[in-house]
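Asker: Got a structure here, written out as structure tokens. Questions coming.
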Amino acid sequence: MSVLTATENHTIPSYPLVTIDGGKPAMIVVREANGVDIIIDDAFLLPHRKDYYFFAFIEQGGSRHWIDFVPYTVKPGHFYFTVPQQVHLKEESTPVKGYIAGFTEEFLALEENRMLRRLPIIQNPAGAHELVLSEDDISYIEDAMRKMTIEFEAGGTWQNQMLTSWLRVLVIYLSRLYNEQYGEHCITKSYCLLKSFQELIGEHYASQHVVAAYANLLNITPGYLNDVIKQQSGKTAISHIHNRLVVEAKRKLLHTDLSVKQIADELGFEDAAYFNRFFKRITNTTPMAYRQQIREMYS
């Protein structure tokens with residue numbers, strides 16, 4: 001589902017979500033794994049990160065892989081999920097039968113998808129990666145993901161809206177299973193700190209752009225905050241702040257006709273020129289070029 005054009009994330013490469021044929025950037029990809037033609041590149045047998053949410057429903061087959069240095073044996077009748085930037089390592093390339101899906105933070109940032117960001121299977125407070133499925137669960141999930149795959153492959157008018165509708169159904173159903181199997185509590189103090197930090201960014205991203213401000217809100221030192229966030233997510237604290245600003249900027253570029261200067265003002269930047277440089281440094285494109293690209297992709 002990914003391509004071998006990686007961006008450096010320290011010493012571990014991070015792979016973006018791309019279309020199956022052509023390798024173009026994508027916000028959501030869904031496909032059936034038929035047990036025959038899913039070929040894993042050798043690069044995925046080395047430690048790497050996925051820059052997107054990943055779902056895998058396994059009907060037949062299995063393999064062994066590691067997520068953040070915890071081993072998992074992939075088994076039929078199970079559902080597997082990961083969040084962006086966790087470290088993945090597959091021990092071998094083996095075919096499986098089922099369905100796989102990937103979607104990005106950018107996809108969740110779309111106005112109609114924002115509620116999905118708050119659901120347990122996305123937030124993953126328990127740091128889990130696996131759901132055990134009953135026969136009824138298997139039937140329900142297989143039906144939903146089959147319909148998503150058909151829609152994804154068919155294309156056509158309002159495809160994104162249809163995929164959003166099916167993904168919403170799937171994520172809500174999985175979140176119910178998640179709460180039944182894991183509850184709603186954080187496993188470690190460090191993971192709770194990461195979630196609290198992310199929630200504060202969501203509240204203050206437009207007014208607070210530095211790590212020290214969030215450390216003060218959490219009553220800890222900036223150094224300690226950065227150390228925990230980096231250990232838990234693989235990214236620095238300032239990267240989380242910048243990434244949220246970029247997500248909000250992309251949302252406004254897609255969903256509004258605000259000028260770049262107006263968006264810069266709303267996000268707390270001193271001037272449009274600085275915002276332009278910031279946006280291009282993070283995304284490798286200008287705000288206006290992104291607006292044109294994303295509107296063409298989403299239309």
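We name chains A, B, ... following the order of the structure tokens; residues begin at 1 in each chain, and ligands are numbered from 1 as shown.
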Would you mind listing what lies within 12 Å of Thr188 (chain A) as an MDAnalysis selection string, with only C-alpha atoms counted and same-chain residues fewer than 3 positions away left out?
Answerer: chainID A and resid 125:127 185 191:195 228 232
Asker: Find the residues around region 220-224 of chain A up to 12 Å (only C-alpha atoms counted), leave out those fewer than 5 positions away in its own chain, and share them as a list in words.
Answerer: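 These residues fall inside the cut-off: Ser190, Leu193, Leu194, Phe197, Val210, Val211, Ala212, Ala213, Tyr214, Ala215, Ile229, Lys230, Gln231, Thr236, Ala237 and Ile238 of chain A.
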Asker: Those same residues - N, CA and C atoms - I'd like them written as a JSON list (two decimals), in the first residue's frame.
Answerer:
```json
[["chain", "number", "residue", "atom", "x", "y", "z"],
["A", 190, "SER", "N", 3.27, 7.70, 30.63],
["A", 190, "SER", "CA", 3.88, 8.37, 29.47],
["A", 190, "SER", "C", 2.89, 8.48, 28.32],
["A", 193, "LEU", "N", 0.45, 11.13, 28.98],
["A", 193, "LEU", "CA", 1.03, 12.45, 28.76],
["A", 193, "LEU", "C", 0.98, 12.81, 27.27],
["A", 194, "LEU", "N", 1.30, 11.84, 26.41],
["A", 194, "LEU", "CA", 1.22, 12.08, 24.97],
["A", 194, "LEU", "C", -0.19, 12.50, 24.57],
["A", 197, "PHE", "N", -1.00, 15.99, 25.84],
["A", 197, "PHE", "CA", -0.28, 16.97, 25.02],
["A", 197, "PHE", "C", -1.00, 17.19, 23.70],
["A", 210, "VAL", "N", 4.98, 27.08, 20.73],
["A", 210, "VAL", "CA", 6.26, 26.62, 21.28],
["A", 210, "VAL", "C", 6.04, 25.56, 22.35],
["A", 211, "VAL", "N", 7.02, 24.69, 22.52],
["A", 211, "VAL", "CA", 6.92, 23.57, 23.46],
["A", 211, "VAL", "C", 6.78, 24.06, 24.89],
["A", 212, "ALA", "N", 7.51, 25.13, 25.22],
["A", 212, "ALA", "CA", 7.50, 25.62, 26.60],
["A", 212, "ALA", "C", 6.10, 25.99, 27.07],
["A", 213, "ALA", "N", 5.28, 26.52, 26.18],
["A", 213, "ALA", "CA", 3.92, 26.91, 26.56],
["A", 213, "ALA", "C", 3.09, 25.70, 26.98],
["A", 214, "TYR", "N", 3.25, 24.58, 26.26],
["A", 214, "TYR", "CA", 2.50, 23.37, 26.60],
["A", 214, "TYR", "C", 3.07, 22.69, 27.84],
["A", 215, "ALA", "N", 4.37, 22.76, 27.99],
["A", 215, "ALA", "CA", 4.98, 22.21, 29.21],
["A", 215, "ALA", "C", 4.46, 22.94, 30.44],
["A", 229, "ILE", "N", 7.48, 12.66, 24.74],
["A", 229, "ILE", "CA", 6.76, 12.69, 23.47],
["A", 229, "ILE", "C", 7.57, 11.99, 22.38],
["A", 230, "LYS", "N", 8.85, 12.22, 22.36],
["A", 230, "LYS", "CA", 9.72, 11.59, 21.36],
["A", 230, "LYS", "C", 9.77, 10.08, 21.56],
["A", 231, "GLN", "N", 9.84, 9.66, 22.82],
["A", 231, "GLN", "CA", 9.88, 8.22, 23.12],
["A", 231, "GLN", "C", 8.57, 7.53, 22.76],
["A", 236, "THR", "N", 9.42, 14.68, 17.73],
["A", 236, "THR", "CA", 9.64, 15.67, 18.78],
["A", 236, "THR", "C", 8.34, 16.40, 19.10],
["A", 237, "ALA", "N", 8.32, 17.05, 20.25],
["A", 237, "ALA", "CA", 7.14, 17.80, 20.65],
["A", 237, "ALA", "C", 6.83, 18.92, 19.67],
["A", 238, "ILE", "N", 7.87, 19.61, 19.20],
["A", 238, "ILE", "CA", 7.63, 20.70, 18.27],
["A", 238, "ILE", "C", 7.08, 20.18, 16.94]]
```
Asker: With only C-alpha atoms as the atoms that count, which of A:Met148, A:Leu46, A:Leu174, A:Asn160 lies nearest to Tyr80 (chain A)?
Answerer: A:Leu174
Asker: Could you make a table, as CSV, of the residues of region 257-291 of chain A that have an atom within 10 Å of an atom of region 240-251 of chain A, each with its nearest atom pair and distance in Å to one decimal, counting only C-alpha atoms, in chain and number order?
Answerer:
```
residue,atom,partner,partner_atom,distance
A:Val260,CA,A:Ala249,CA,9.1
A:Ile263,CA,A:Ala249,CA,6.8
A:Ala264,CA,A:Ala249,CA,8.1
A:Glu266,CA,A:Ala249,CA,9.2
A:Leu267,CA,A:Leu245,CA,7.1
A:Gly268,CA,A:Leu245,CA,9.5
A:Phe275,CA,A:Ala249,CA,9.7
A:Phe278,CA,A:His242,CA,8.8
A:Phe279,CA,A:Val246,CA,6.7
A:Lys280,CA,A:Val246,CA,9.9
A:Ile282,CA,A:Val246,CA,7.7
A:Thr283,CA,A:Val246,CA,8.2
A:Pro287,CA,A:Lys250,CA,7.9
A:Tyr290,CA,A:Lys250,CA,7.8
A:Arg291,CA,A:Lys250,CA,7.6
```
Asker: Using backbone DSSP assignments, extract all helix (DSSP H, G or I) residues from region 44-164 of chain A; output them as an mmCIF file with N, CA and C atoms, in the first residue's frame.
Answerer:
```cif
data_model
loop_
_atom_site.group_PDB
_atom_site.id
_atom_site.type_symbol
_atom_site.label_atom_id
_atom_site.label_comp_id
_atom_site.auth_asym_id
_atom_site.auth_seq_id
_atom_site.Cartn_x
_atom_site.Cartn_y
_atom_site.Cartn_z
ATOM 1 N N PHE A 44 10.008 -3.385 3.628
ATOM 2 C CA PHE A 44 9.067 -3.518 4.729
ATOM 3 C C PHE A 44 9.433 -4.675 5.668
ATOM 4 N N LEU A 45 10.509 -5.389 5.325
ATOM 5 C CA LEU A 45 11.056 -6.386 6.230
ATOM 6 C C LEU A 45 12.118 -5.766 7.131
ATOM 7 N N GLU A 105 -4.026 11.441 8.274
ATOM 8 C CA GLU A 105 -4.504 12.518 9.137
ATOM 9 C C GLU A 105 -5.240 13.563 8.311
ATOM 10 N N GLU A 106 -4.775 13.766 7.092
ATOM 11 C CA GLU A 106 -5.407 14.719 6.191
ATOM 12 C C GLU A 106 -6.847 14.308 5.903
ATOM 13 N N PHE A 107 -7.090 13.018 5.737
ATOM 14 C CA PHE A 107 -8.440 12.526 5.495
ATOM 15 C C PHE A 107 -9.322 12.774 6.717
ATOM 16 N N LEU A 108 -8.772 12.539 7.916
ATOM 17 C CA LEU A 108 -9.539 12.778 9.140
ATOM 18 C C LEU A 108 -9.772 14.264 9.378
ATOM 19 N N ALA A 109 -8.942 15.116 8.763
ATOM 20 C CA ALA A 109 -9.096 16.556 8.944
ATOM 21 C C ALA A 109 -10.216 17.140 8.104
ATOM 22 N N GLU A 111 -13.782 18.143 6.963
ATOM 23 C CA GLU A 111 -14.859 18.572 7.854
ATOM 24 C C GLU A 111 -15.806 17.429 8.217
ATOM 25 N N GLU A 112 -16.188 16.618 7.221
ATOM 26 C CA GLU A 112 -17.151 15.557 7.469
ATOM 27 C C GLU A 112 -16.568 14.378 8.243
ATOM 28 N N ASN A 113 -15.237 14.355 8.434
ATOM 29 C CA ASN A 113 -14.591 13.233 9.110
ATOM 30 C C ASN A 113 -14.088 13.570 10.506
ATOM 31 N N ARG A 114 -14.253 14.800 10.924
ATOM 32 C CA ARG A 114 -13.606 15.239 12.162
ATOM 33 C C ARG A 114 -14.064 14.451 13.382
ATOM 34 N N MET A 115 -15.319 13.997 13.386
ATOM 35 C CA MET A 115 -15.795 13.236 14.545
ATOM 36 C C MET A 115 -15.075 11.894 14.682
ATOM 37 N N LEU A 116 -14.589 11.352 13.571
ATOM 38 C CA LEU A 116 -13.893 10.064 13.625
ATOM 39 C C LEU A 116 -12.625 10.158 14.461
ATOM 40 N N ARG A 117 -11.993 11.319 14.457
ATOM 41 C CA ARG A 117 -10.725 11.511 15.165
ATOM 42 C C ARG A 117 -10.864 11.265 16.658
ATOM 43 N N ARG A 118 -12.072 11.393 17.190
ATOM 44 C CA ARG A 118 -12.278 11.253 18.633
ATOM 45 C C ARG A 118 -12.611 9.831 19.063
ATOM 46 N N PRO A 120 -12.364 5.738 19.847
ATOM 47 C CA PRO A 120 -11.300 4.952 20.503
ATOM 48 C C PRO A 120 -10.353 4.232 19.561
ATOM 49 N N ILE A 121 -10.861 3.665 18.465
ATOM 50 C CA ILE A 121 -9.989 2.902 17.578
ATOM 51 C C ILE A 121 -8.959 3.820 16.920
ATOM 52 N N ILE A 122 -9.269 5.120 16.823
ATOM 53 C CA ILE A 122 -8.340 6.094 16.267
ATOM 54 C C ILE A 122 -7.436 6.660 17.362
ATOM 55 N N GLN A 123 -8.016 7.042 18.484
ATOM 56 C CA GLN A 123 -7.236 7.559 19.600
ATOM 57 C C GLN A 123 -6.320 6.477 20.195
ATOM 58 N N GLU A 135 -18.037 -14.492 15.151
ATOM 59 C CA GLU A 135 -18.563 -14.773 13.810
ATOM 60 C C GLU A 135 -19.416 -13.618 13.308
ATOM 61 N N ASP A 136 -20.217 -13.019 14.204
ATOM 62 C CA ASP A 136 -21.036 -11.870 13.802
ATOM 63 C C ASP A 136 -20.154 -10.680 13.427
ATOM 64 N N ASP A 137 -19.071 -10.451 14.203
ATOM 65 C CA ASP A 137 -18.145 -9.362 13.895
ATOM 66 C C ASP A 137 -17.509 -9.570 12.521
ATOM 67 N N ILE A 138 -17.070 -10.787 12.259
ATOM 68 C CA ILE A 138 -16.433 -11.105 10.977
ATOM 69 C C ILE A 138 -17.373 -10.812 9.821
ATOM 70 N N SER A 139 -18.622 -11.230 9.968
ATOM 71 C CA SER A 139 -19.605 -11.005 8.912
ATOM 72 C C SER A 139 -19.834 -9.517 8.677
ATOM 73 N N TYR A 140 -19.956 -8.759 9.749
ATOM 74 C CA TYR A 140 -20.229 -7.325 9.644
ATOM 75 C C TYR A 140 -19.056 -6.589 9.016
ATOM 76 N N ILE A 141 -17.848 -6.868 9.512
ATOM 77 C CA ILE A 141 -16.658 -6.166 9.027
ATOM 78 C C ILE A 141 -16.343 -6.544 7.590
ATOM 79 N N GLU A 142 -16.491 -7.821 7.263
ATOM 80 C CA GLU A 142 -16.248 -8.253 5.892
ATOM 81 C C GLU A 142 -17.184 -7.546 4.925
ATOM 82 N N ASP A 143 -18.451 -7.421 5.294
ATOM 83 C CA ASP A 143 -19.426 -6.758 4.434
ATOM 84 C C ASP A 143 -19.078 -5.285 4.242
ATOM 85 N N ALA A 144 -18.726 -4.598 5.335
ATOM 86 C CA ALA A 144 -18.411 -3.170 5.249
ATOM 87 C C ALA A 144 -17.163 -2.934 4.402
ATOM 88 N N MET A 145 -16.124 -3.731 4.625
ATOM 89 C CA MET A 145 -14.869 -3.501 3.899
ATOM 90 C C MET A 145 -14.977 -3.957 2.439
ATOM 91 N N ARG A 146 -15.805 -4.949 2.173
ATOM 92 C CA ARG A 146 -16.033 -5.351 0.784
ATOM 93 C C ARG A 146 -16.711 -4.211 0.018
ATOM 94 N N LYS A 147 -17.704 -3.593 0.634
ATOM 95 C CA LYS A 147 -18.396 -2.488 -0.017
ATOM 96 C C LYS A 147 -17.476 -1.277 -0.190
ATOM 97 N N MET A 148 -16.600 -1.039 0.790
ATOM 98 C CA MET A 148 -15.622 0.040 0.661
ATOM 99 C C MET A 148 -14.685 -0.229 -0.515
ATOM 100 N N THR A 149 -14.245 -1.488 -0.655
ATOM 101 C CA THR A 149 -13.334 -1.856 -1.736
ATOM 102 C C THR A 149 -13.989 -1.672 -3.096
ATOM 103 N N ILE A 150 -15.244 -2.106 -3.206
ATOM 104 C CA ILE A 150 -15.975 -1.948 -4.464
ATOM 105 C C ILE A 150 -16.083 -0.475 -4.826
ATOM 106 N N GLU A 151 -16.412 0.355 -3.847
ATOM 107 C CA GLU A 151 -16.547 1.789 -4.088
ATOM 108 C C GLU A 151 -15.206 2.402 -4.483
ATOM 109 N N PHE A 152 -14.149 1.997 -3.792
ATOM 110 C CA PHE A 152 -12.827 2.548 -4.078
ATOM 111 C C PHE A 152 -12.380 2.202 -5.493
ATOM 112 N N GLU A 153 -12.612 0.973 -5.898
ATOM 113 C CA GLU A 153 -12.174 0.535 -7.228
ATOM 114 C C GLU A 153 -13.053 1.096 -8.340
ATOM 115 N N ALA A 154 -14.334 1.317 -8.044
ATOM 116 C CA ALA A 154 -15.260 1.806 -9.071
ATOM 117 C C ALA A 154 -15.076 3.286 -9.358
ATOM 118 N N GLN A 159 -17.303 9.759 -4.731
ATOM 119 C CA GLN A 159 -16.601 8.603 -4.176
ATOM 120 C C GLN A 159 -16.106 8.861 -2.756
ATOM 121 N N ASN A 160 -15.493 10.041 -2.532
ATOM 122 C CA ASN A 160 -14.973 10.343 -1.199
ATOM 123 C C ASN A 160 -16.090 10.360 -0.154
ATOM 124 N N GLN A 161 -17.249 10.878 -0.543
ATOM 125 C CA GLN A 161 -18.370 10.908 0.398
ATOM 126 C C GLN A 161 -18.848 9.494 0.735
ATOM 127 N N MET A 162 -18.879 8.621 -0.265
ATOM 128 C CA MET A 162 -19.280 7.233 -0.021
ATOM 129 C C MET A 162 -18.265 6.520 0.857
ATOM 130 N N LEU A 163 -16.981 6.702 0.557
ATOM 131 C CA LEU A 163 -15.936 6.068 1.368
ATOM 132 C C LEU A 163 -15.976 6.586 2.804
ATOM 133 N N THR A 164 -16.232 7.879 2.942
ATOM 134 C CA THR A 164 -16.353 8.455 4.282
ATOM 135 C C THR A 164 -17.502 7.821 5.051
#
```
Asker: Which value, in Å to one decimal, gives the distance between CA of Val30 (chain A) and CA of Val18 (chain A)?
Answerer: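 It comes out at 10.9 Å.
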Asker: What does the distance between CA of Leu89 (chain A) and CA of Val74 (chain A) come to in Å, to one decimal place?
Answerer: 12.7 Å
Asker: Name the closest residue to Arg31 (chain A) among the candidates A:Lys90, A:His48, A:Tyr99, A:Arg176; distances are taken between atoms, counting only C-alpha atoms.
Answerer: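 So, comparing all the options, the nearest one is A:Tyr99.
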Asker: Pick from A:Pro47, A:Gly98, A:Gly155, A:Pro84: nearest to Gly62 (chain A), with only C-alpha atoms counted?
Answerer: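 Checking each of A:Pro47, A:Gly98, A:Gly155, A:Pro84 against Gly62 (chain A), counting only C-alpha atoms, the winner is A:Gly98.
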Asker: Calculate how many Å separate CA of Phe269 (chain A) from CA of Ser196 (chain A), rounding to one decimal.
Answerer: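 Pair CA of Phe269 (chain A) / CA of Ser196 (chain A) returns 24.1 Å.
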Asker: Using DSSP secondary structure from the backbone, list all strand (DSSP E) positions within region 4-252 of chain A, as a ChimeraX atom specification.
Answerer: /A:7-9,12-15,28-34,48-50,53-61,63-67,70-74,78-82,87-90,96-103,130-132
Asker: Write out, as a CSV table (one decimal), in the first residue's frame, the residues just selected, with C-alpha atoms.
Answerer:
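Final output, saved to out_0.csv:
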```csv
chain,number,residue,atom,x,y,z
A,7,THR,CA,11.1,10.7,4.1
A,8,GLU,CA,13.7,10.5,6.9
A,9,ASN,CA,12.4,10.2,10.4
A,12,ILE,CA,13.8,4.9,10.5
A,13,PRO,CA,12.2,5.7,7.1
A,14,SER,CA,8.6,6.8,7.0
A,15,TYR,CA,6.4,5.8,4.1
A,28,ILE,CA,-7.5,6.8,1.6
A,29,VAL,CA,-6.8,3.5,0.0
A,30,VAL,CA,-8.8,0.3,0.3
A,31,ARG,CA,-8.2,-3.0,-1.3
A,32,GLU,CA,-8.8,-6.7,-1.1
A,33,ALA,CA,-6.0,-9.1,-0.1
A,34,ASN,CA,-6.7,-12.2,-2.1
A,48,HIS,CA,9.9,1.5,9.2
A,49,ARG,CA,7.0,3.8,9.9
A,50,LYS,CA,3.7,4.3,8.1
A,53,TYR,CA,-3.6,4.8,9.9
A,54,PHE,CA,-3.6,1.2,8.8
A,55,PHE,CA,-6.4,-1.4,9.1
A,56,ALA,CA,-6.1,-5.1,8.2
A,57,PHE,CA,-9.0,-7.6,8.5
A,58,ILE,CA,-7.6,-11.2,8.2
A,59,GLU,CA,-9.8,-14.0,6.9
A,60,GLN,CA,-7.1,-16.5,6.0
A,61,GLY,CA,-3.3,-16.8,6.3
A,63,SER,CA,2.5,-13.9,9.6
A,64,ARG,CA,4.5,-12.5,12.4
A,65,HIS,CA,5.3,-8.8,12.8
A,66,TRP,CA,6.4,-6.3,15.4
A,67,ILE,CA,4.8,-3.0,16.3
A,70,VAL,CA,6.1,-5.8,20.5
A,71,PRO,CA,5.6,-9.0,18.5
A,72,TYR,CA,2.2,-10.0,17.1
A,73,THR,CA,1.3,-13.2,15.2
A,74,VAL,CA,-1.3,-12.3,12.6
A,78,HIS,CA,-8.7,-10.9,13.9
A,79,PHE,CA,-8.6,-7.2,13.1
A,80,TYR,CA,-5.3,-5.3,13.2
A,81,PHE,CA,-4.8,-1.6,13.4
A,82,THR,CA,-2.0,0.9,13.8
A,87,VAL,CA,7.6,1.4,14.1
A,88,HIS,CA,6.7,-1.6,12.0
A,89,LEU,CA,8.7,-4.7,11.2
A,90,LYS,CA,7.5,-7.8,9.3
A,96,VAL,CA,-3.1,-13.3,3.5
A,97,LYS,CA,-6.8,-13.2,2.5
A,98,GLY,CA,-8.9,-10.3,3.8
A,99,TYR,CA,-9.1,-6.6,3.4
A,100,ILE,CA,-6.7,-3.7,4.1
A,101,ALA,CA,-7.3,0.0,4.3
A,102,GLY,CA,-5.2,3.1,5.0
A,103,PHE,CA,-6.2,6.7,5.6
A,130,GLU,CA,-5.5,-6.3,17.7
A,131,LEU,CA,-9.2,-7.1,18.0
A,132,VAL,CA,-10.5,-10.6,18.4
```
